[in-house]
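Source file: structure39.txt (compact mmCIF, C-alpha atoms)
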# COMPACT_ATOMS: atom_id res chain seq x y z
CA MET A 16 15.07 47.38 -63.13
CA THR A 17 11.46 48.29 -63.74
CA PHE A 18 10.92 49.04 -67.42
CA ILE A 19 8.23 51.62 -68.12
CA ASN A 20 7.12 52.09 -71.69
CA TYR A 21 4.99 55.26 -71.84
CA ALA A 22 4.30 54.76 -75.54
CA ALA A 23 2.94 51.22 -75.15
CA ARG A 24 1.61 52.06 -71.64
CA GLU A 25 3.31 49.10 -70.01
CA ILE A 26 5.14 48.46 -66.75
CA ASN A 27 7.47 45.45 -66.69
CA CYS A 28 8.99 44.16 -63.45
CA LYS A 29 11.37 41.30 -62.74
CA ILE A 30 10.98 38.94 -59.77
CA VAL A 31 13.64 36.33 -59.02
CA TYR A 32 13.01 33.15 -57.00
CA TYR A 33 16.21 32.40 -55.09
CA GLY A 34 17.21 29.65 -52.66
CA PRO A 35 19.13 26.39 -52.24
CA GLY A 36 18.99 23.55 -54.77
CA LEU A 37 15.87 21.32 -54.79
CA GLY A 38 14.08 23.76 -52.48
CA GLY A 39 11.03 24.22 -54.75
CA LYS A 40 11.69 27.38 -56.78
CA THR A 41 10.74 25.75 -60.08
CA THR A 42 7.73 24.08 -58.41
CA ASN A 43 6.48 27.54 -57.33
CA LEU A 44 6.61 28.73 -60.95
CA GLN A 45 5.02 25.56 -62.28
CA TYR A 46 2.10 25.93 -59.85
CA ILE A 47 1.61 29.59 -60.82
CA TYR A 48 1.73 28.61 -64.49
CA HIS A 49 -0.89 25.87 -64.11
CA LYS A 50 -3.26 28.02 -62.05
CA THR A 51 -3.11 31.16 -64.20
CA ALA A 52 -5.65 31.81 -66.95
CA PRO A 53 -4.15 31.40 -70.47
CA GLU A 54 -4.73 35.08 -71.37
CA ARG A 55 -2.76 36.15 -68.29
CA LYS A 56 0.41 34.16 -68.94
CA GLY A 57 3.03 33.58 -71.61
CA LYS A 58 5.02 30.47 -72.30
CA MET A 59 6.99 29.01 -69.40
CA ILE A 60 10.59 28.37 -70.36
CA SER A 61 12.81 25.99 -68.39
CA LEU A 62 16.48 25.71 -69.23
CA ALA A 63 17.10 22.49 -67.33
CA THR A 64 19.42 19.50 -67.40
CA GLU A 65 18.23 16.08 -68.58
CA ALA A 66 17.56 15.27 -64.94
CA ASP A 67 15.21 18.29 -64.70
CA ARG A 68 17.54 20.33 -62.52
CA THR A 69 17.55 24.03 -63.42
CA LEU A 70 20.65 24.70 -65.49
CA PHE A 71 20.31 28.41 -66.21
CA PHE A 72 16.82 29.68 -65.37
CA ASP A 73 13.06 29.15 -65.57
CA PHE A 74 11.04 32.03 -66.94
CA LEU A 75 7.33 32.81 -66.68
CA PRO A 76 5.76 36.07 -67.92
CA LEU A 77 2.56 37.07 -66.09
CA ASP A 78 0.10 39.79 -66.98
CA LEU A 79 -1.50 41.15 -63.81
CA GLY A 80 -3.90 43.61 -65.41
CA THR A 81 -4.05 47.39 -65.58
CA ILE A 82 -2.97 49.91 -63.01
CA ARG A 83 -3.55 53.62 -63.70
CA GLY A 84 -3.96 52.78 -67.41
CA PHE A 85 -0.68 50.86 -67.59
CA ASN A 86 -0.61 47.17 -68.35
CA THR A 87 1.35 45.56 -65.51
CA ARG A 88 3.60 42.63 -66.38
CA PHE A 89 5.73 40.59 -64.06
CA HIS A 90 8.53 38.40 -65.36
CA LEU A 91 9.25 35.58 -62.91
CA TYR A 92 12.66 33.90 -63.00
CA THR A 93 14.23 31.15 -60.93
CA VAL A 94 17.97 30.68 -60.47
CA PRO A 95 19.81 27.35 -60.42
CA GLY A 96 20.17 26.51 -56.74
CA GLN A 97 23.19 24.25 -56.86
CA VAL A 98 26.25 25.87 -55.32
CA PHE A 99 28.51 25.45 -58.35
CA TYR A 100 26.15 27.41 -60.65
CA ASP A 101 26.97 30.68 -58.93
CA ALA A 102 28.06 32.49 -62.12
CA SER A 103 24.66 31.77 -63.71
CA ARG A 104 22.83 32.79 -60.54
CA ARG A 105 24.55 36.15 -60.52
CA LEU A 106 23.54 36.79 -64.16
CA ILE A 107 19.85 36.19 -63.47
CA LEU A 108 19.84 38.85 -60.72
CA LYS A 109 20.70 41.55 -63.26
CA GLY A 110 17.95 44.17 -63.21
CA VAL A 111 15.91 42.42 -60.48
CA ASP A 112 13.02 44.34 -58.85
CA GLY A 113 12.06 41.88 -56.12
CA VAL A 114 13.20 38.56 -54.65
CA VAL A 115 11.34 35.53 -53.28
CA PHE A 116 13.62 33.43 -51.11
CA VAL A 117 12.42 29.81 -51.10
CA ALA A 118 13.83 28.05 -48.04
CA ASP A 119 13.73 24.27 -47.57
CA SER A 120 12.15 23.15 -44.26
CA GLN A 121 14.19 19.93 -43.97
CA PRO A 122 16.59 20.04 -40.99
CA GLU A 123 19.53 18.89 -43.12
CA ARG A 124 19.01 21.84 -45.50
CA MET A 125 19.24 24.64 -42.89
CA GLU A 126 22.91 25.22 -43.55
CA ALA A 127 22.23 25.38 -47.31
CA ASN A 128 19.42 27.91 -46.65
CA VAL A 129 21.71 30.18 -44.64
CA GLU A 130 24.51 29.88 -47.19
CA SER A 131 22.10 30.73 -50.00
CA ILE A 132 20.86 33.92 -48.25
CA ARG A 133 24.47 35.04 -47.84
CA ASN A 134 25.09 34.23 -51.48
CA LEU A 135 22.03 36.28 -52.48
CA GLU A 136 23.26 39.24 -50.46
CA SER A 137 26.69 39.06 -52.05
CA ASN A 138 25.45 38.57 -55.63
CA LEU A 139 23.01 41.48 -55.29
CA ARG A 140 25.84 43.67 -54.06
CA ASP A 141 27.81 42.81 -57.22
CA HIS A 142 24.95 44.37 -59.23
CA GLY A 143 24.84 47.47 -57.01
CA PHE A 144 21.72 46.33 -55.07
CA ASP A 145 21.26 46.08 -51.32
CA LEU A 146 19.10 43.29 -49.88
CA VAL A 147 18.12 45.71 -47.10
CA THR A 148 16.16 47.87 -49.55
CA MET A 149 15.18 45.17 -52.08
CA PRO A 150 11.51 44.00 -52.01
CA LEU A 151 11.75 40.53 -50.45
CA ALA A 152 9.40 37.71 -49.42
CA LEU A 153 10.57 34.70 -47.45
CA GLN A 154 8.92 31.33 -48.05
CA PHE A 155 9.35 28.25 -45.86
CA ASN A 156 8.59 25.47 -48.32
CA LYS A 157 7.91 21.75 -47.76
CA ARG A 158 5.96 22.34 -44.55
CA ASP A 159 4.27 18.94 -45.11
CA ILE A 160 7.38 16.81 -44.56
CA ASN A 161 7.92 14.84 -41.38
CA GLY A 162 10.42 16.53 -39.09
CA ALA A 163 10.12 19.97 -40.73
CA VAL A 164 12.05 22.54 -38.70
CA PRO A 165 9.55 24.67 -36.72
CA SER A 166 8.72 27.93 -38.48
CA ASP A 167 9.80 30.18 -35.61
CA GLU A 168 13.18 28.46 -35.56
CA MET A 169 13.57 28.94 -39.33
CA TYR A 170 12.50 32.55 -38.94
CA ARG A 171 15.23 33.15 -36.37
CA MET A 172 17.80 31.67 -38.74
CA LEU A 173 16.66 33.13 -42.05
CA ASN A 174 14.74 36.34 -41.43
CA TYR A 175 16.78 39.18 -42.90
CA LYS A 176 14.82 42.36 -42.23
CA ARG A 177 11.41 41.28 -40.92
CA GLU A 178 10.27 40.63 -44.47
CA PRO A 179 6.82 39.06 -45.02
CA THR A 180 7.15 35.31 -44.42
CA PHE A 181 4.96 32.47 -45.70
CA GLU A 182 4.64 28.77 -44.99
CA ALA A 183 4.23 26.77 -48.17
CA VAL A 184 3.78 23.40 -49.76
CA ALA A 185 4.56 24.39 -53.34
CA THR A 186 3.62 20.98 -54.78
CA ASP A 187 0.03 21.58 -53.56
CA GLY A 188 0.10 25.32 -54.10
CA LEU A 189 -0.18 26.23 -50.42
CA GLY A 190 1.32 29.68 -49.86
CA VAL A 191 2.52 30.04 -53.46
CA PHE A 192 0.25 32.89 -54.56
CA ASP A 193 0.43 34.62 -51.16
CA THR A 194 4.21 34.80 -51.52
CA LEU A 195 4.00 36.13 -55.08
CA LYS A 196 1.38 38.74 -54.18
CA SER A 197 3.48 39.95 -51.28
CA VAL A 198 6.60 40.58 -53.32
CA ALA A 199 4.62 42.04 -56.26
CA LYS A 200 2.92 44.52 -53.93
CA GLN A 201 6.25 45.59 -52.47
CA VAL A 202 7.63 46.17 -56.00
CA LEU A 203 4.64 48.34 -56.94
CA VAL A 204 4.91 50.31 -53.70
CA GLU A 205 8.58 50.99 -54.56
CA LEU A 206 7.43 52.25 -57.96
CA ARG A 207 5.17 54.75 -56.20
CA LYS A 208 8.02 56.03 -54.03
CA LYS A 209 10.47 56.72 -56.88
CA MET B 24 20.02 56.36 -66.19
CA SER B 25 18.71 55.24 -62.85
CA LEU B 26 19.60 51.77 -61.64
CA ALA B 27 16.00 51.30 -60.56
CA ARG B 28 14.11 51.88 -63.78
CA MET B 29 14.29 52.50 -67.49
CA GLU B 30 11.68 54.72 -69.08
CA VAL B 31 10.87 55.04 -72.75
CA TYR B 32 8.73 58.00 -73.80
CA GLU B 33 6.57 58.40 -76.89
CA GLU B 34 9.07 60.45 -78.92
CA GLU B 35 12.03 58.11 -78.41
CA PHE B 36 9.83 55.06 -78.91
CA ARG B 37 8.78 56.40 -82.32
CA HIS B 38 12.43 57.06 -83.26
CA LEU B 39 13.44 53.54 -82.20
CA GLU B 40 10.56 51.97 -84.12
CA SER B 41 11.40 53.94 -87.21
CA SER B 42 15.08 52.85 -87.03
CA LEU B 43 13.96 49.25 -86.64
CA ARG B 44 11.60 49.46 -89.62
CA ARG B 45 14.35 50.93 -91.78
CA LEU B 46 16.83 48.30 -90.64
CA ARG B 47 14.38 45.55 -91.43
CA LEU B 48 13.89 46.82 -94.98
CA ASP B 49 17.57 47.67 -95.65
CA ALA B 50 18.79 44.32 -94.30
CA ASN B 51 15.99 42.39 -96.00
CA ALA B 52 15.33 40.71 -92.66
CA LYS B 53 12.24 38.80 -91.50
CA ALA B 54 12.02 40.63 -88.18
CA VAL B 55 14.08 42.84 -85.89
CA PHE B 56 13.69 43.23 -82.13
CA LEU B 57 15.11 45.70 -79.64
CA ILE B 58 15.46 44.19 -76.18
CA ASP B 59 16.61 45.57 -72.86
CA ARG B 60 19.65 43.70 -71.45
CA ASN B 61 17.50 42.55 -68.52
CA GLY B 62 15.22 40.68 -70.90
CA GLN B 63 12.37 43.14 -71.50
CA HIS B 64 11.02 43.60 -75.01
CA ILE B 65 11.30 47.28 -76.08
CA ALA B 66 10.20 47.48 -79.73
CA ALA B 67 10.11 45.42 -82.94
CA ALA B 68 9.49 45.56 -86.68
CA GLY B 69 8.70 43.06 -89.43
CA ASP B 70 6.90 39.72 -89.27
CA THR B 71 6.90 39.76 -85.50
CA ASP B 72 3.60 37.89 -85.08
CA GLN B 73 5.16 34.56 -85.95
CA PHE B 74 7.56 34.86 -82.99
CA ASP B 75 6.90 34.78 -79.23
CA SER B 76 8.53 38.16 -78.52
CA THR B 77 8.45 37.77 -74.70
CA SER B 78 10.26 34.42 -74.75
CA LEU B 79 12.61 35.70 -77.43
CA ALA B 80 13.54 38.71 -75.28
CA SER B 81 14.17 36.67 -72.16
CA LEU B 82 16.26 33.99 -73.90
CA THR B 83 18.26 36.56 -75.89
CA ALA B 84 19.11 38.49 -72.73
CA GLY B 85 20.11 35.22 -71.04
CA ASN B 86 22.25 34.34 -74.04
CA VAL B 87 23.98 37.74 -74.03
CA ALA B 88 24.49 37.61 -70.25
CA ALA B 89 26.05 34.14 -70.47
CA THR B 90 28.30 35.24 -73.35
CA ASP B 91 29.33 38.32 -71.35
CA GLY B 92 30.31 35.99 -68.52
CA LEU B 93 32.41 33.95 -70.98
CA ALA B 94 34.07 37.13 -72.31
CA LYS B 95 35.07 38.21 -68.83
CA LEU B 96 36.51 34.76 -68.09
CA ILE B 97 38.98 35.19 -70.95
CA GLY B 98 39.69 38.85 -70.18
CA GLU B 99 37.45 40.49 -72.81
CA ARG B 100 35.03 43.28 -71.88
CA GLU B 101 32.26 41.76 -74.02
CA PHE B 102 31.56 40.00 -77.29
CA SER B 103 29.62 42.69 -79.06
CA VAL B 104 28.21 40.49 -81.83
CA LEU B 105 26.72 36.98 -81.71
CA PHE B 106 25.59 34.98 -84.71
CA HIS B 107 23.53 31.80 -84.71
CA GLU B 108 23.26 29.96 -88.01
CA GLY B 109 20.26 27.73 -88.58
CA GLN B 110 19.27 25.59 -91.57
CA ARG B 111 16.68 28.12 -92.70
CA ASP B 112 16.73 31.12 -90.40
CA HIS B 113 19.65 32.85 -88.74
CA ILE B 114 19.95 35.21 -85.80
CA HIS B 115 22.31 38.18 -85.53
CA ILE B 116 22.61 39.69 -82.04
CA SER B 117 24.46 42.90 -81.22
CA ILE B 118 24.69 45.35 -78.35
CA VAL B 119 23.33 48.88 -78.73
CA ALA B 120 24.32 51.77 -76.48
CA ARG B 121 25.76 49.25 -73.99
CA ARG B 122 22.32 48.57 -72.51
CA ALA B 123 20.08 47.18 -75.24
CA ILE B 124 20.25 44.23 -77.59
CA LEU B 125 19.39 44.31 -81.28
CA LEU B 126 18.20 40.98 -82.64
CA VAL B 127 17.82 40.44 -86.38
CA ILE B 128 16.17 37.31 -87.77
CA PHE B 129 16.91 36.69 -91.44
CA ASP B 130 16.92 33.91 -94.04
CA GLU B 131 18.47 33.20 -97.46
CA ARG B 132 16.95 36.39 -98.89
CA SER B 133 19.63 38.31 -96.99
CA SER B 134 23.23 37.64 -95.96
CA LEU B 135 25.37 37.99 -92.85
CA GLY B 136 27.47 40.68 -94.54
CA LEU B 137 24.44 42.81 -95.41
CA VAL B 138 22.93 42.42 -91.95
CA ARG B 139 26.21 43.42 -90.26
CA LEU B 140 26.52 46.48 -92.45
CA ARG B 141 22.95 47.67 -91.87
CA VAL B 142 23.04 46.89 -88.16
CA LYS B 143 26.06 49.16 -87.79
CA ARG B 144 24.19 52.14 -89.21
CA ALA B 145 21.02 51.46 -87.26
CA SER B 146 23.04 51.09 -84.05
CA SER B 147 24.53 54.56 -84.35
CA GLU B 148 21.04 56.01 -84.90
CA MET B 149 19.74 54.19 -81.84
CA ASP B 150 22.78 55.22 -79.76
CA ARG B 151 21.65 58.80 -80.23
CA VAL B 152 18.08 57.99 -79.17
CA PHE B 153 19.35 56.33 -75.98
CA GLU B 154 21.51 59.40 -75.26
CA GLN B 155 18.38 61.51 -75.57
CA MET B 156 16.58 59.18 -73.16
CA ASP B 157 19.42 59.55 -70.67
CA GLN B 158 19.23 63.32 -70.87
CA LYS B 159 15.50 63.27 -70.22
CA ALA B 160 15.95 60.88 -67.30
CA GLU B 161 18.59 63.17 -65.77
CA MET B 162 16.30 66.17 -66.13
CA GLY B 163 13.53 64.21 -64.42
CA PHE B 164 11.39 64.37 -67.53
CA GLN B 165 7.95 62.92 -66.90
CA GLY B 166 6.50 62.64 -70.40
CA GLU B 167 4.74 65.15 -72.60
CA ALA B 168 2.54 67.13 -70.21
CA GLU B 169 1.86 63.86 -68.44
CA PRO B 170 2.46 63.64 -64.70
CA SER B 171 3.95 60.38 -63.43
CA PRO B 172 0.99 58.02 -63.11
CA PHE B 173 2.78 56.01 -60.46
CA SER B 174 3.14 58.55 -57.70
CA GLU B 175 -0.61 58.34 -57.21
CA ILE B 176 -0.95 54.57 -57.12
CA THR B 177 -3.10 53.70 -54.13
CA ASP B 178 -3.14 50.56 -52.01
CA GLU B 179 -6.60 49.91 -53.53
CA ASP B 180 -5.11 50.01 -57.07
CA ILE B 181 -2.55 47.41 -56.04
CA ASP B 182 -5.09 45.23 -54.24
CA ALA B 183 -7.36 45.38 -57.30
CA LEU B 184 -4.67 43.65 -59.37
CA PHE B 185 -4.90 40.65 -57.07
CA SER B 186 -8.62 40.60 -56.49
CA GLU B 187 -9.40 37.82 -58.95
The structure in this file should be written as structure tokens.
Amino acid sequence: MTFINYAAREINCKIVYYGPGLGGKTTNLQYIYHKTAPERKGKMISLATEADRTLFFDFLPLDLGTIRGFNTRFHLYTVPGQVFYDASRRLILKGVDGVVFVADSQPERMEANVESIRNLESNLRDHGFDLVTMPLALQFNKRDINGAVPSDEMYRMLNYKREPTFEAVATDGLGVFDTLKSVAKQVLVELRKK
Amino acid sequence: MSLARMEVYEEEFRHLESSLRRLRLDANAKAVFLIDRNGQHIAAAGDTDQFDSTSLASLTAGNVAATDGLAKLIGEREFSVLFHEGQRDHIHISIVARRAILLVIFDERSSLGLVRLRVKRASSEMDRVFEQMDQKAEMGFQGEAEPSPFSEITDEDIDALFSE
């Protein structure tokens, strides 16, 4: 839910990185954090297990600058990808404005990718949202691994509504900002429509 | 209230800030924050500079959401008050108007009883402000003589945000 504060002249939007466990959602946020100027970012918070697996969420506030005199802030969240954390995943989607789906390019993770998209659709519905109308960017991560499933094959399996799709290697930053820009633009275009 | 956005206008913002300032003084608290349940900071009063208000808002909303999940698991609608006791500072969290969270940070100069009492009064004041916001949203209010700045956002405006 976009939060517009006319008194403070601020727009706040919420983007959620979704996808199967160990797919690179947290790595996307970490790359964005490291490459963003200090004055444009807040503290990155990771609620993780001792083994560095996301337990509840990662959070990164970004300040994109001014649009029509309003300071534009994006709050980026990741969800825990592991199947049994579904209750937590659902909570993070509350009030979401746009979703980045981070898919894993390893052949053995295709089933997990498909299951996670279905889970996203269902959890959004529980909050009264429809993935058909939700700003969405699809990212095929880990393109650098040997035996990565070809992109067109992944697209056939995972494309939901011809959403913008990006190849990525999140550890090196490839495709990370392109994905973020795409979903952020879609969120702002929605703001114009309403 | 639209599912897609929450809007706070100048008049309501001033009312909310004034309620928060009064609460802070009456409860003898260090700082008070009003946070949207989705984790957005709305307004604050007191010694707010010593706290990272953005992180505070996000973690508080996560905390409330997780506690809501727990409530539902045991058949409760919600736990309307949360209290975290530290060695020096304590946090009192309560729900306002079913959609916002009031966070009060206090130390030994105040007490849980006093904070609870003052929060109750401030909450009813803020309930009324949120009702007013709802009414404006239903009427399609666009701010004092101010047209919506967003209907005229151009593709160039959006591209400019990402030009650096």
Q | Which of A:Val117, A:Met16, A:Val129, A:Val164 sits closest to Thr42 in chain A [using only C-alpha atoms] | A |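 Smallest separation from Thr42 in chain A among the options: A:Val117.
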Q) Near Asp167 in chain A, within 12 Å and counting all atoms listed in the file, which residues show up once chain neighbours fewer than 2 positions away are dropped, as JSON, numbers by chain? A) {"A": [120, 155, 163, 164, 165, 169, 170, 171, 172, 173, 174, 180, 181, 182]}
Q: Between A:Ala102, A:Val184, A:Ile60, A:Leu146, single out the one closest to Ala118 in chain A, counting all atoms listed in the file.
A: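 Closest to Ala118 in chain A, using all atoms listed in the file: A:Val184.
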Q | Distance criterion (all atoms listed in the file): nearest to Val87 in chain B out of B:Gln155, B:Ser103, B:Ser186, B:Thr71 | A | B:Ser103
Q) Please, what distance in Å, to one decimal, runs between CA of Thr186 in chain A and CA of Asp182 in chain B? A)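 So the answer is 25.8 Å.
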(Q) Can you pull out the residues contacting Lys200 in chain A? Cut-off 9 Å, using only C-alpha atoms, and skip same-chain residues under 4 positions away; I want them as a list of chain:residue names. (A)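 The residues that qualify are A:Pro150, A:Leu195, A:Lys196, A:Val204, A:Glu205, B:Asp178, B:Ile181, B:Asp182.
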Q | Nearest to Ala145 in chain B, chosen from B:Leu184, B:Val104, B:Ala84, B:Val55, with all atoms listed in the file counted in the distances | A |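 Among the listed residues, the smallest separation from Ala145 in chain B belongs to B:Val55.
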**Q.** Option closest in space to chain A, from B:Leu125, B:Ala183, B:Ala52, B:Met156 [counting all atoms listed in the file]
**A.**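 The closest residue to chain A is B:Ala183.
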Q) Rounded to one decimal in Å, what is the spacing between CA of Glu35 in chain B and CA of Leu57 in chain B? A) 12.8 Å
Q | Check: which chain B residues lie within 9 Å of chain A using all atoms listed in the file, as a PyMOL selection string | A | chain B and resi 25-37+59-63+65+75+77-78+81-82+85+88-89+92+166+172-178+180-185
Q: Work out how far CA of Gln97 in chain A is from CA of Ile30 in chain A, in Å to one decimal.
A: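 Between CA of Ile30 in chain A and CA of Gln97 in chain A the gap works out to 19.3 Å.
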Q: Do a neighbour search on range 68-70 of chain B at 12 Å with all atoms listed in the file, toss out local chain neighbours closer than 5 positions, and write the hits as a count of residues only.
A: 27
Q | Proximity to Thr69 in chain A - best of A:Ala52, A:Leu139, A:Val94, A:Val147, all atoms listed in the file | A |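 Of all the options, A:Val94 lies closest to Thr69 in chain A.
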Q: Could you give me, as a PyMOL selection string, the residues within 9 Å of range 108-111 of chain B, counting all atoms listed in the file and dropping anything in the same chain fewer than 3 positions from it?
A: chain B and resi 114-115+129-131
Coordinates of box centre and edge lengths for range 149-161 of chain A, 6 Å on every side, axis-aligned, as AutoDock Vina command-line options:
--center_x 9.7 --center_y 30.0 --center_z -46.7 --size_x 22.9 --size_y 42.3 --size_z 22.7
Q: Write out as a list in words each polymer residue whose atoms come within 8 Å of Ala185 in chain A, counting only C-alpha atoms; drop sequence neighbours fewer than 3 positions from it.
A: Gly39, Thr42, Asn43, Tyr46, Asn156, Lys157, Gly188, Leu189, Gly190 and Val191 of chain A
